[in-house]
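**Student:** Sending over run30.pdb (PDB, C-alpha atoms and all ligand atoms).
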```pdb
MODEL        1
ATOM      1  CA  MET A  25       0.000   0.000   0.000
ATOM      2  CA  SER A  26       1.364   3.428  -0.925
ATOM      3  CA  LEU A  27       0.126   5.850   1.691
ATOM      4  CA  VAL A  28       0.377   9.062  -0.319
ATOM      5  CA  ALA A  29       0.319   7.818  -3.918
ATOM      6  CA  GLY A  30      -1.154  10.412  -6.262
ATOM      7  CA  LYS A  31      -0.822  13.207  -3.708
ATOM      8  CA  ASN A  32       0.836  16.468  -4.766
ATOM      9  CA  ILE A  33       2.770  17.907  -1.837
ATOM     10  CA  VAL A  34       4.873  21.060  -1.505
ATOM     11  CA  VAL A  35       7.815  20.793   0.898
ATOM     12  CA  MET A  36       9.151  24.101   2.257
ATOM     13  CA  GLY A  37      12.346  24.379   4.321
ATOM     14  CA  VAL A  38      14.999  22.111   2.866
ATOM     15  CA  ALA A  39      18.358  23.804   3.437
ATOM     16  CA  ASN A  40      20.533  20.684   3.212
ATOM     17  CA  ASP A  41      20.378  16.919   3.667
ATOM     18  CA  ARG A  42      20.175  17.294   7.448
ATOM     19  CA  SER A  43      17.045  19.427   7.292
ATOM     20  CA  ILE A  44      13.964  17.924   8.905
ATOM     21  CA  ALA A  45      12.084  18.818   5.705
ATOM     22  CA  TRP A  46      14.451  16.526   3.800
ATOM     23  CA  ALA A  47      13.715  13.587   6.115
ATOM     24  CA  ILE A  48      10.002  14.294   5.657
ATOM     25  CA  ALA A  49      10.478  14.302   1.885
ATOM     26  CA  GLN A  50      12.185  10.894   2.059
ATOM     27  CA  SER A  51       9.233   9.386   3.919
ATOM     28  CA  LEU A  52       6.723  10.949   1.519
ATOM     29  CA  ALA A  53       8.632   9.957  -1.623
ATOM     30  CA  ALA A  54       8.937   6.352  -0.438
ATOM     31  CA  GLN A  55       5.135   6.194  -0.282
ATOM     32  CA  GLY A  56       4.470   7.615  -3.727
ATOM     33  CA  ALA A  57       3.975  11.378  -3.240
ATOM     34  CA  ARG A  58       4.729  13.823  -6.040
ATOM     35  CA  LEU A  59       6.922  16.520  -4.463
ATOM     36  CA  VAL A  60       7.785  20.129  -5.156
ATOM     37  CA  PHE A  61      10.522  21.663  -3.008
ATOM     38  CA  THR A  62      10.695  25.389  -2.407
ATOM     39  CA  TYR A  63      13.986  27.148  -1.741
ATOM     40  CA  GLU A  64      14.548  30.459  -0.018
ATOM     41  CA  ASN A  65      17.074  32.095  -2.382
ATOM     42  CA  GLU A  66      19.960  31.509  -4.817
ATOM     43  CA  ARG A  67      22.235  30.696  -1.875
ATOM     44  CA  VAL A  68      20.484  27.340  -1.416
ATOM     45  CA  GLU A  69      19.068  26.824  -4.924
ATOM     46  CA  GLU A  70      21.811  24.532  -6.230
ATOM     47  CA  ARG A  71      21.829  22.400  -3.098
ATOM     48  CA  VAL A  72      18.048  21.954  -3.186
ATOM     49  CA  ARG A  73      18.130  21.244  -6.941
ATOM     50  CA  LYS A  74      20.715  18.505  -6.388
ATOM     51  CA  LEU A  75      18.753  16.929  -3.556
ATOM     52  CA  ALA A  76      15.461  17.108  -5.469
ATOM     53  CA  GLY A  77      17.224  15.420  -8.407
ATOM     54  CA  THR A  78      17.592  12.279  -6.296
ATOM     55  CA  ILE A  79      13.801  11.891  -6.008
ATOM     56  CA  GLU A  80      11.889  10.719  -9.061
ATOM     57  CA  GLY A  81       9.495  13.307 -10.451
ATOM     58  CA  ALA A  82      10.417  15.996  -7.899
ATOM     59  CA  SER A  83      10.888  19.627  -8.923
ATOM     60  CA  ILE A  84      11.868  22.915  -7.269
ATOM     61  CA  LEU A  85      10.384  26.419  -7.091
ATOM     62  CA  PRO A  86      11.625  29.602  -5.411
ATOM     63  CA  CYS A  87       9.796  31.055  -2.405
ATOM     64  CA  ASN A  88      11.066  33.418   0.240
ATOM     65  CA  VAL A  89       8.211  33.390   2.740
ATOM     66  CA  THR A  90       8.810  37.003   3.820
ATOM     67  CA  ASP A  91       7.696  38.151   0.364
ATOM     68  CA  ASP A  92       3.957  38.035  -0.493
ATOM     69  CA  ALA A  93       4.690  38.311  -4.217
ATOM     70  CA  ASP A  94       6.895  35.209  -3.952
ATOM     71  CA  ILE A  95       4.083  33.256  -2.300
ATOM     72  CA  ASP A  96       1.635  34.462  -4.984
ATOM     73  CA  ARG A  97       4.042  33.253  -7.682
ATOM     74  CA  LEU A  98       4.398  29.921  -5.884
ATOM     75  CA  ALA A  99       0.606  29.500  -5.899
ATOM     76  CA  GLU A 100       0.532  30.346  -9.612
ATOM     77  CA  ASN A 101       3.349  27.891 -10.405
ATOM     78  CA  LEU A 102       1.734  25.109  -8.390
ATOM     79  CA  ARG A 103      -1.592  25.704 -10.114
ATOM     80  CA  GLU A 104       0.122  25.334 -13.504
ATOM     81  CA  GLN A 105       2.208  22.337 -12.487
ATOM     82  CA  PHE A 106      -0.240  20.352 -10.351
ATOM     83  CA  GLY A 107      -3.685  21.845 -10.731
ATOM     84  CA  VAL A 108      -4.701  20.281  -7.422
ATOM     85  CA  LEU A 109      -2.567  20.422  -4.258
ATOM     86  CA  HIS A 110      -2.997  17.881  -1.437
ATOM     87  CA  GLY A 111      -0.316  18.732   1.086
ATOM     88  CA  ILE A 112       1.859  21.511   2.495
ATOM     89  CA  VAL A 113       4.906  20.775   4.636
ATOM     90  CA  HIS A 114       6.058  23.972   6.373
ATOM     91  CA  SER A 115       9.434  23.449   8.045
ATOM     92  CA  ILE A 116      10.744  26.999   8.280
ATOM     93  CA  ALA A 117      11.939  29.177  11.136
ATOM     94  CA  PHE A 118      14.393  31.991  11.784
ATOM     95  CA  ALA A 119      15.564  34.190  14.646
ATOM     96  CA  ARG A 120      18.734  36.256  15.017
ATOM     97  CA  THR A 121      21.430  34.258  16.786
ATOM     98  CA  GLU A 122      22.078  37.060  19.265
ATOM     99  CA  GLU A 123      18.454  36.870  20.396
ATOM    100  CA  LEU A 124      18.808  33.149  21.101
ATOM    101  CA  GLU A 125      21.009  33.680  24.141
ATOM    102  CA  GLY A 126      20.994  35.636  27.347
ATOM    103  CA  MET A 127      17.783  37.079  28.699
ATOM    104  CA  PHE A 128      14.533  37.077  26.713
ATOM    105  CA  VAL A 129      13.736  40.429  28.295
ATOM    106  CA  ASN A 130      16.367  41.983  26.001
ATOM    107  CA  THR A 131      14.580  40.976  22.775
ATOM    108  CA  SER A 132      14.456  43.898  20.317
ATOM    109  CA  ARG A 133      11.267  45.052  18.584
ATOM    110  CA  ASP A 134      12.551  44.176  15.122
ATOM    111  CA  GLY A 135      14.094  40.873  16.239
ATOM    112  CA  PHE A 136      10.735  39.899  17.735
ATOM    113  CA  ALA A 137       8.916  40.911  14.551
ATOM    114  CA  LEU A 138      11.374  39.090  12.280
ATOM    115  CA  ALA A 139      11.195  35.828  14.257
ATOM    116  CA  HIS A 140       7.394  35.964  14.202
ATOM    117  CA  ASP A 141       7.196  36.908  10.540
ATOM    118  CA  ILE A 142       9.355  34.028   9.292
ATOM    119  CA  SER A 143       8.522  31.402  11.913
ATOM    120  CA  ALA A 144       4.782  31.942  12.511
ATOM    121  CA  TYR A 145       3.103  34.332  10.051
ATOM    122  CA  SER A 146       4.641  32.481   7.105
ATOM    123  CA  LEU A 147       2.391  29.493   7.856
ATOM    124  CA  VAL A 148      -0.676  31.733   7.702
ATOM    125  CA  ALA A 149       0.532  33.433   4.508
ATOM    126  CA  VAL A 150       1.266  30.146   2.763
ATOM    127  CA  ALA A 151      -2.018  28.544   3.868
ATOM    128  CA  GLN A 152      -3.914  31.648   2.728
ATOM    129  CA  LYS A 153      -2.496  31.564  -0.792
ATOM    130  CA  LEU A 154      -2.395  27.801  -1.302
ATOM    131  CA  TYR A 155      -5.567  26.471   0.281
ATOM    132  CA  PRO A 156      -7.667  27.410  -2.797
ATOM    133  CA  LEU A 157      -5.616  24.777  -4.681
ATOM    134  CA  MET A 158      -6.677  22.073  -2.195
ATOM    135  CA  THR A 159      -9.946  21.362  -3.950
ATOM    136  CA  GLU A 160      -9.923  17.675  -2.978
ATOM    137  CA  GLY A 161      -9.241  18.388   0.717
ATOM    138  CA  GLY A 162      -5.731  18.498   2.099
ATOM    139  CA  SER A 163      -3.238  18.378   4.925
ATOM    140  CA  VAL A 164      -1.031  21.209   6.152
ATOM    141  CA  MET A 165       1.712  20.612   8.698
ATOM    142  CA  THR A 166       4.377  22.637  10.441
ATOM    143  CA  MET A 167       7.259  22.087  12.854
ATOM    144  CA  THR A 168       7.287  23.294  16.450
ATOM    145  CA  TYR A 169       9.247  22.788  19.669
ATOM    146  CA  LEU A 170       8.676  22.426  23.404
ATOM    147  CA  GLY A 171       9.979  25.970  23.906
ATOM    148  CA  ALA A 172       6.492  27.127  22.803
ATOM    149  CA  GLU A 173       5.060  26.051  26.151
ATOM    150  CA  ARG A 174       8.022  26.060  28.559
ATOM    151  CA  ALA A 175      10.590  28.790  29.145
ATOM    152  CA  LEU A 176      13.649  26.914  27.887
ATOM    153  CA  LYS A 177      17.160  28.281  28.128
ATOM    154  CA  ASN A 178      18.468  29.933  24.934
ATOM    155  CA  TYR A 179      15.203  29.473  23.005
ATOM    156  CA  ASN A 180      13.795  32.881  23.957
ATOM    157  CA  VAL A 181      12.019  34.732  21.144
ATOM    158  CA  MET A 182      11.799  31.538  19.101
ATOM    159  CA  GLY A 183       9.712  29.987  21.882
ATOM    160  CA  VAL A 184       7.292  32.908  21.718
ATOM    161  CA  ALA A 185       7.133  32.604  17.912
ATOM    162  CA  LYS A 186       6.455  28.843  18.233
ATOM    163  CA  ALA A 187       3.602  29.604  20.664
ATOM    164  CA  ALA A 188       2.132  31.911  17.992
ATOM    165  CA  LEU A 189       2.676  29.182  15.412
ATOM    166  CA  GLU A 190       0.835  26.571  17.508
ATOM    167  CA  ALA A 191      -2.078  28.951  18.092
ATOM    168  CA  SER A 192      -2.120  29.691  14.355
ATOM    169  CA  VAL A 193      -2.401  25.938  13.703
ATOM    170  CA  ARG A 194      -5.579  25.847  15.797
ATOM    171  CA  TYR A 195      -7.147  28.904  14.155
ATOM    172  CA  LEU A 196      -6.235  27.718  10.653
ATOM    173  CA  ALA A 197      -7.623  24.265  11.443
ATOM    174  CA  ASN A 198     -10.887  25.835  12.542
ATOM    175  CA  ASP A 199     -11.139  27.947   9.381
ATOM    176  CA  LEU A 200     -10.127  25.312   6.864
ATOM    177  CA  GLY A 201     -11.865  22.255   8.319
ATOM    178  CA  GLN A 202     -15.004  23.097   6.327
ATOM    179  CA  PHE A 203     -12.985  22.465   3.155
ATOM    180  CA  ASN A 204     -11.709  19.140   4.516
ATOM    181  CA  ILE A 205      -8.272  20.678   4.975
ATOM    182  CA  ARG A 206      -6.491  19.621   8.170
ATOM    183  CA  VAL A 207      -3.768  21.642   9.902
ATOM    184  CA  ASN A 208      -1.392  20.123  12.456
ATOM    185  CA  ALA A 209       2.059  20.537  13.967
ATOM    186  CA  ILE A 210       4.793  18.133  14.969
ATOM    187  CA  SER A 211       6.706  19.068  18.101
ATOM    188  CA  ALA A 212      10.075  17.419  17.547
ATOM    189  CA  GLY A 213      12.789  16.691  20.056
ATOM    190  CA  PRO A 214      16.154  18.362  19.409
ATOM    191  CA  ILE A 215      17.839  17.242  16.151
ATOM    192  CA  ARG A 216      21.248  18.401  14.963
ATOM    193  CA  THR A 217      20.521  20.576  11.881
ATOM    194  CA  LEU A 218      21.647  23.934  10.506
ATOM    195  CA  ALA A 219      18.929  25.715  12.521
ATOM    196  CA  ALA A 220      20.033  23.877  15.676
ATOM    197  CA  LYS A 221      23.519  25.373  15.227
ATOM    198  CA  GLY A 222      22.004  28.696  16.264
ATOM    199  CA  ILE A 223      21.009  27.307  19.666
ATOM    200  CA  LYS A 224      23.683  27.668  22.340
ATOM    201  CA  ASP A 225      24.654  24.552  24.345
ATOM    202  CA  PHE A 226      22.774  22.304  21.916
ATOM    203  CA  ASN A 227      24.968  19.319  22.889
ATOM    204  CA  SER A 228      23.920  19.504  26.509
ATOM    205  CA  ILE A 229      20.256  19.621  25.429
ATOM    206  CA  LEU A 230      20.797  16.404  23.450
ATOM    207  CA  LYS A 231      22.540  14.793  26.429
ATOM    208  CA  THR A 232      19.673  15.651  28.788
ATOM    209  CA  VAL A 233      17.176  14.073  26.390
ATOM    210  CA  GLU A 234      19.294  10.919  26.152
ATOM    211  CA  GLU A 235      19.403  10.639  29.927
ATOM    212  CA  LYS A 236      15.864  11.615  30.821
ATOM    213  CA  ALA A 237      13.435  10.973  27.957
ATOM    214  CA  PRO A 238      11.266   7.870  28.453
ATOM    215  CA  LEU A 239      12.845   6.255  25.360
ATOM    216  CA  ARG A 240      16.370   7.256  26.575
ATOM    217  CA  ARG A 241      17.452   8.430  23.143
ATOM    218  CA  THR A 242      17.317  11.548  21.018
ATOM    219  CA  THR A 243      14.915  12.083  18.147
ATOM    220  CA  GLU A 244      15.876  10.982  14.643
ATOM    221  CA  ALA A 245      14.767  13.086  11.711
ATOM    222  CA  ALA A 246      13.333   9.934  10.077
ATOM    223  CA  GLU A 247      10.961   9.524  13.045
ATOM    224  CA  VAL A 248       9.614  12.990  12.321
ATOM    225  CA  GLY A 249       9.468  12.093   8.618
ATOM    226  CA  ASP A 250       7.278   9.062   9.276
ATOM    227  CA  THR A 251       4.902  11.041  11.504
ATOM    228  CA  ALA A 252       4.667  13.694   8.789
ATOM    229  CA  LEU A 253       3.810  10.898   6.345
ATOM    230  CA  PHE A 254       0.987   9.840   8.692
ATOM    231  CA  LEU A 255      -0.262  13.445   8.823
ATOM    232  CA  MET A 256      -0.154  13.787   5.032
ATOM    233  CA  SER A 257      -1.974  10.468   4.552
ATOM    234  CA  ASN A 258      -5.603   9.475   5.012
ATOM    235  CA  LEU A 259      -4.635   7.497   8.115
ATOM    236  CA  SER A 260      -4.804  10.770  10.083
ATOM    237  CA  ARG A 261      -8.065  11.950   8.498
ATOM    238  CA  GLY A 262      -9.762  12.550  11.865
ATOM    239  CA  ILE A 263      -6.956  14.698  13.311
ATOM    240  CA  THR A 264      -6.748  18.482  13.003
ATOM    241  CA  GLY A 265      -5.589  21.437  15.092
ATOM    242  CA  GLU A 266      -3.244  19.098  16.960
ATOM    243  CA  VAL A 267       0.356  19.195  18.135
ATOM    244  CA  ILE A 268       1.893  15.718  17.950
ATOM    245  CA  TYR A 269       5.086  15.098  19.918
ATOM    246  CA  VAL A 270       7.891  13.162  18.287
ATOM    247  CA  ASP A 271      10.437  13.593  21.056
ATOM    248  CA  SER A 272      11.102  10.192  22.671
ATOM    249  CA  GLY A 273       8.434  11.223  25.198
ATOM    250  CA  TYR A 274      10.572  13.990  26.712
ATOM    251  CA  HIS A 275       7.689  16.452  27.143
ATOM    252  CA  ILE A 276       5.879  14.239  29.671
ATOM    253  CA  ILE A 277       8.625  14.331  32.271
ATOM    254  CA  GLY A 278       8.905  17.044  34.907
TER     255      GLY A 278
HETATM  256  O1  LIG A 301      16.053  20.442  16.857
HETATM  257  C1  LIG A 301      15.588  20.858  15.805
HETATM  258  N1  LIG A 301      16.339  20.958  14.728
HETATM  259  C2  LIG A 301      14.137  21.222  15.770
HETATM  260  C3  LIG A 301      13.644  21.994  14.737
HETATM  261  C4  LIG A 301      13.271  20.775  16.878
HETATM  262  C5  LIG A 301      11.888  21.173  16.746
HETATM  263  C6  LIG A 301      11.457  21.953  15.704
HETATM  264  N2  LIG A 301      12.333  22.351  14.715
HETATM  265  C7  LIG A 301      11.806  23.163  13.632
HETATM  266  C8  LIG A 301      12.522  24.447  13.324
HETATM  267  O2  LIG A 301      12.215  25.468  14.249
HETATM  268  C9  LIG A 301      11.972  24.738  11.934
HETATM  269  O3  LIG A 301      10.661  25.280  12.044
HETATM  270  O4  LIG A 301      11.863  22.443  12.438
HETATM  271  C10 LIG A 301      11.876  23.338  11.332
HETATM  272  C11 LIG A 301      13.007  22.959  10.394
HETATM  273  O5  LIG A 301      14.231  23.205  11.006
HETATM  274  P1  LIG A 301      15.573  22.359  10.743
HETATM  275  O6  LIG A 301      15.334  21.310   9.752
HETATM  276  O7  LIG A 301      16.100  22.033  12.070
HETATM  277  O8  LIG A 301      16.554  23.502  10.169
HETATM  278  P2  LIG A 301      17.127  23.877   8.725
HETATM  279  O9  LIG A 301      17.674  22.702   8.044
HETATM  280  O10 LIG A 301      18.058  25.033   8.965
HETATM  281  O11 LIG A 301      15.831  24.392   7.944
HETATM  282  C12 LIG A 301      15.163  25.586   8.234
HETATM  283  C13 LIG A 301      15.077  26.360   6.961
HETATM  284  C14 LIG A 301      16.131  27.387   6.608
HETATM  285  O12 LIG A 301      17.345  27.038   6.685
HETATM  286  P3  LIG A 301      18.517  28.168   7.005
HETATM  287  O13 LIG A 301      19.347  27.397   7.960
HETATM  288  O14 LIG A 301      19.097  28.406   5.656
HETATM  289  O15 LIG A 301      17.893  29.373   7.668
HETATM  290  O16 LIG A 301      14.030  27.276   6.910
HETATM  291  C15 LIG A 301      14.183  27.966   5.688
HETATM  292  C16 LIG A 301      15.589  27.801   5.259
HETATM  293  O17 LIG A 301      15.694  26.872   4.243
HETATM  294  N3  LIG A 301      13.936  29.389   5.768
HETATM  295  C17 LIG A 301      13.210  30.018   4.863
HETATM  296  N4  LIG A 301      12.548  29.574   3.777
HETATM  297  C18 LIG A 301      11.913  30.470   3.017
HETATM  298  N5  LIG A 301      11.887  31.776   3.303
HETATM  299  C19 LIG A 301      13.239  31.368   5.228
HETATM  300  C20 LIG A 301      12.542  32.266   4.388
HETATM  301  N6  LIG A 301      12.501  33.588   4.639
HETATM  302  N7  LIG A 301      13.982  31.504   6.359
HETATM  303  C21 LIG A 301      14.397  30.280   6.690
ENDMDL
END
```
Using structure tokens, write down the structure that the file contains.

**Tutor:**
Amino acid sequence: MSLVAGKNIVVMGVANDRSIAWAIAQSLAAQGARLVFTYENERVEERVRKLAGTIEGASILPCNVTDDADIDRLAENLREQFGVLHGIVHSIAFARTEELEGMFVNTSRDGFALAHDISAYSLVAVAQKLYPLMTEGGSVMTMTYLGAERALKNYNVMGVAKAALEASVRYLANDLGQFNIRVNAISAGPIRTLAAKGIKDFNSILKTVEEKAPLRRTTEAAEVGDTALFLMSNLSRGITGEVIYVDSGYHIIG
């Protein structure tokens, strides 16, 4: 059984082969999805093109999520290429490194706005422009982290942006449910990626998870990929507005 055969899915947020979005793409491709990858700018274009080239039938399109015109063009391109869209994988976040250390109280106005624009509003913007293409129903998913609900060291403004993202998931789910479009988030345990490089003391975070999480190991990107596959497939058809933890159970411990 191919879980997502015949589904057209756009994957946003591949920066390199360690990106969570890339692991998600692997899971989706293995189960028959037709994928389009978006890339932020020319800096990553070649890398994304190369990676996409390893997946049969996959293609790439530009989209910087801070630019409404870019998202409009993406919608236009997807309409031409696919006609119907079934899935959106949003795996994008950004905050200035200097705002990911020290005290949250020192967050600047523009640093706060930037983190929220790229990490939370972008989901709303993308859903807004792409949901009209989901004429057969659809599934939208994004990536979040425990720092949305707990004050974690060195996560700061990103935690506040993730809280906004999780709330946006619920409001989007409520709006789009009438079109049979589901919206969910995966809250992943820490995974060593490019984005994780911006988090200070990331190694000690990994070590704590290994010692204390119920499963006594850190999260693998492929585990997130397989849960994303579930969310993109009909197996999850009754689930929307939800945050699913793929974190070795770490969030349940005190
Ligand atoms: O431990 C982790 N790595 C966790 C990550 C735990 C829990 C959640 N997450 C989340 C992140 O916050 C993010 O939302 O998962 C998502 C994916 O992150 P990742 O795979 O860890 O990181 P990375 O490989 O860096 O992908 C994020 C990408 C960007 O990469 P860079 O490093 O070049 O900023 O988001 C994309 C970009 O490709 N991105 C944008 N895409 C379009 N327009 C933009 C933008 N303006 N800004 C960043």

**Student:** Please indicate the distance in Å from CA of Ser43 (chain A) to CA of Asn130 (chain A), rounded to one decimal place.

**Tutor:**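 Taking CA of Ser43 (chain A) as the start and CA of Asn130 (chain A) as the end point, the length is 29.3 Å.
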
**Student:** Hey, which bits of chain A sit within 8 Å of ligand LIG 301 (chain A), and for each residue what's the closest pair of atoms and how far apart in Å (one decimal), counting only C-alpha atoms and all ligand atoms, rows by chain and increasing number, as a tab-separated table?

**Tutor:**
```
residue	atom	partner	partner_atom	distance
A:Met36	CA	A:LIG301	N4	6.6
A:Gly37	CA	A:LIG301	O17	4.2
A:Val38	CA	A:LIG301	O17	5.0
A:Ala39	CA	A:LIG301	O17	4.1
A:Asn40	CA	A:LIG301	O9	6.0
A:Asp41	CA	A:LIG301	O9	7.7
A:Arg42	CA	A:LIG301	O9	6.0
A:Ser43	CA	A:LIG301	O9	3.4
A:Ile44	CA	A:LIG301	O6	3.7
A:Ala45	CA	A:LIG301	O6	5.8
A:Trp46	CA	A:LIG301	O6	7.7
A:Thr62	CA	A:LIG301	C18	7.5
A:Tyr63	CA	A:LIG301	C18	6.2
A:Glu64	CA	A:LIG301	C18	4.0
A:Asn65	CA	A:LIG301	C18	7.6
A:Val68	CA	A:LIG301	O14	7.3
A:Cys87	CA	A:LIG301	C18	5.8
A:Asn88	CA	A:LIG301	N5	3.6
A:Val89	CA	A:LIG301	N5	4.1
A:Thr90	CA	A:LIG301	N6	5.1
A:Asp91	CA	A:LIG301	N6	7.9
A:His114	CA	A:LIG301	O3	7.4
A:Ser115	CA	A:LIG301	C10	4.1
A:Ile116	CA	A:LIG301	O16	3.6
A:Ala117	CA	A:LIG301	O3	4.2
A:Phe118	CA	A:LIG301	C21	5.4
A:Ile142	CA	A:LIG301	N6	5.6
A:Ser143	CA	A:LIG301	O3	6.5
A:Thr166	CA	A:LIG301	O3	7.0
A:Met167	CA	A:LIG301	O4	4.6
A:Thr168	CA	A:LIG301	C6	4.4
A:Tyr169	CA	A:LIG301	C5	4.3
A:Leu170	CA	A:LIG301	C5	7.5
A:Met182	CA	A:LIG301	O2	7.8
A:Lys186	CA	A:LIG301	O2	7.8
A:Ile210	CA	A:LIG301	C6	7.7
A:Ser211	CA	A:LIG301	C5	5.8
A:Ala212	CA	A:LIG301	C5	4.2
A:Gly213	CA	A:LIG301	C4	5.2
A:Pro214	CA	A:LIG301	O1	3.3
A:Ile215	CA	A:LIG301	O1	3.7
A:Arg216	CA	A:LIG301	N1	5.5
A:Thr217	CA	A:LIG301	O7	4.7
A:Leu218	CA	A:LIG301	O10	4.1
A:Ala219	CA	A:LIG301	O10	3.7
A:Ala220	CA	A:LIG301	N1	4.8
```

**Student:** Restricting the calculation to all atoms listed in the file, which member of A:Asn208, A:Asn180, A:Thr242, A:Gln50 is positioned closest to Thr264 (chain A)?

**Tutor:**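 For Thr264 (chain A), the nearest of the candidates is A:Asn208.
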
**Student:** Suppose you want the space between CA of Gln152 (chain A) and CA of Ser192 (chain A); what is it in Å?

**Tutor:**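 Between CA of Gln152 (chain A) and CA of Ser192 (chain A) the gap is 11.9 Å.
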
**Student:** Report as a PDB file with C-alpha atoms, in the frame of the given file the full result of the PyMOL selection byres (((chain A and resi 49) around 10) and not hetatm) when it is applied to this structure.

**Tutor:**
```pdb
ATOM      1  CA  ILE A  33       2.770  17.907  -1.837  1.00  0.00           C
ATOM      2  CA  VAL A  34       4.873  21.060  -1.505  1.00  0.00           C
ATOM      3  CA  VAL A  35       7.815  20.793   0.898  1.00  0.00           C
ATOM      4  CA  MET A  36       9.151  24.101   2.257  1.00  0.00           C
ATOM      5  CA  VAL A  38      14.999  22.111   2.866  1.00  0.00           C
ATOM      6  CA  SER A  43      17.045  19.427   7.292  1.00  0.00           C
ATOM      7  CA  ILE A  44      13.964  17.924   8.905  1.00  0.00           C
ATOM      8  CA  ALA A  45      12.084  18.818   5.705  1.00  0.00           C
ATOM      9  CA  TRP A  46      14.451  16.526   3.800  1.00  0.00           C
ATOM     10  CA  ALA A  47      13.715  13.587   6.115  1.00  0.00           C
ATOM     11  CA  ILE A  48      10.002  14.294   5.657  1.00  0.00           C
ATOM     12  CA  GLN A  50      12.185  10.894   2.059  1.00  0.00           C
ATOM     13  CA  SER A  51       9.233   9.386   3.919  1.00  0.00           C
ATOM     14  CA  LEU A  52       6.723  10.949   1.519  1.00  0.00           C
ATOM     15  CA  ALA A  53       8.632   9.957  -1.623  1.00  0.00           C
ATOM     16  CA  ALA A  54       8.937   6.352  -0.438  1.00  0.00           C
ATOM     17  CA  GLN A  55       5.135   6.194  -0.282  1.00  0.00           C
ATOM     18  CA  ALA A  57       3.975  11.378  -3.240  1.00  0.00           C
ATOM     19  CA  ARG A  58       4.729  13.823  -6.040  1.00  0.00           C
ATOM     20  CA  LEU A  59       6.922  16.520  -4.463  1.00  0.00           C
ATOM     21  CA  VAL A  60       7.785  20.129  -5.156  1.00  0.00           C
ATOM     22  CA  PHE A  61      10.522  21.663  -3.008  1.00  0.00           C
ATOM     23  CA  ALA A  76      15.461  17.108  -5.469  1.00  0.00           C
ATOM     24  CA  ILE A  79      13.801  11.891  -6.008  1.00  0.00           C
ATOM     25  CA  ALA A  82      10.417  15.996  -7.899  1.00  0.00           C
ATOM     26  CA  VAL A 113       4.906  20.775   4.636  1.00  0.00           C
ATOM     27  CA  ALA A 246      13.333   9.934  10.077  1.00  0.00           C
ATOM     28  CA  GLY A 249       9.468  12.093   8.618  1.00  0.00           C
ATOM     29  CA  ASP A 250       7.278   9.062   9.276  1.00  0.00           C
ATOM     30  CA  ALA A 252       4.667  13.694   8.789  1.00  0.00           C
ATOM     31  CA  LEU A 253       3.810  10.898   6.345  1.00  0.00           C
TER      32      LEU A 253
END
```

**Student:** Which residue is closest to Val233 (chain A)? Choose from A:Leu124, A:Ile277, A:Ala93, A:Val248 and count all atoms listed in the file.

**Tutor:**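 Comparing A:Leu124, A:Ile277, A:Ala93, A:Val248 against Val233 (chain A), the winner is A:Ile277.
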
**Student:** Please provide the set of residues having any atom within 8 Å of region 193-205 of chain A, restricted to all atoms listed in the file, with same-chain residues fewer than 3 positions apart removed, written as a list in words.

**Tutor:**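 These residues fall inside the cut-off: Val148, Tyr155, Met158, Thr159, Glu160, Gly161, Gly162, Ser163, Val164, Leu189, Glu190, Asn208, Ala209, Thr264, Gly265 and Glu266 of chain A.
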
**Student:** Can you list, as a list in words, the residues that the PyMOL selection byres (((chain A and resi 96) around 10) and not hetatm) selects here?

**Tutor:**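 Residues picked by the PyMOL selection byres (((chain A and resi 96) around 10) and not hetatm): Cys87, Asp91, Asp92, Ala93, Asp94, Ile95, Arg97, Leu98, Ala99, Glu100, Asn101, Leu102, Ala149, Val150, Gln152, Lys153 and Leu154 of chain A.
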
**Student:** Hey, can you check how far CA of Thr121 (chain A) sits from CA of Ile229 (chain A)?

**Tutor:**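 One can read the CA of Thr121 (chain A) to CA of Ile229 (chain A) distance as 17.0 Å.
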
**Student:** Can you turn the PyMOL selection byres (((chain A and resi 27) around 6) and not hetatm) into a concrete residue list for this file, as an NGL selection string?

**Tutor:** :A and (26 or 28-29 or 55 or 257)

**Student:** Give, as AutoDock Vina command-line options, the centre coordinates and the x, y and z edge lengths in Å to one decimal for an axis-aligned box around all listed atoms of region 47-66 of chain A, padded by 4 Å on each side.

**Tutor:**
```
--center_x 12.0 --center_y 19.1 --center_z 0.0 --size_x 24.0 --size_y 33.9 --size_z 20.2
```

**Student:** Could you give me, as a list in words, the residues that sit within 10 Å of (12.0, 8.3, 26.3) in the file's coordinates, counting only C-alpha atoms?

**Tutor:**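 Neighbouring residues, ordered by chain and number, come to Val233, Glu234, Glu235, Lys236, Ala237, Pro238, Leu239, Arg240, Arg241, Thr242, Thr243, Asp271, Ser272, Gly273, Tyr274, His275, Ile276 and Ile277 of chain A.
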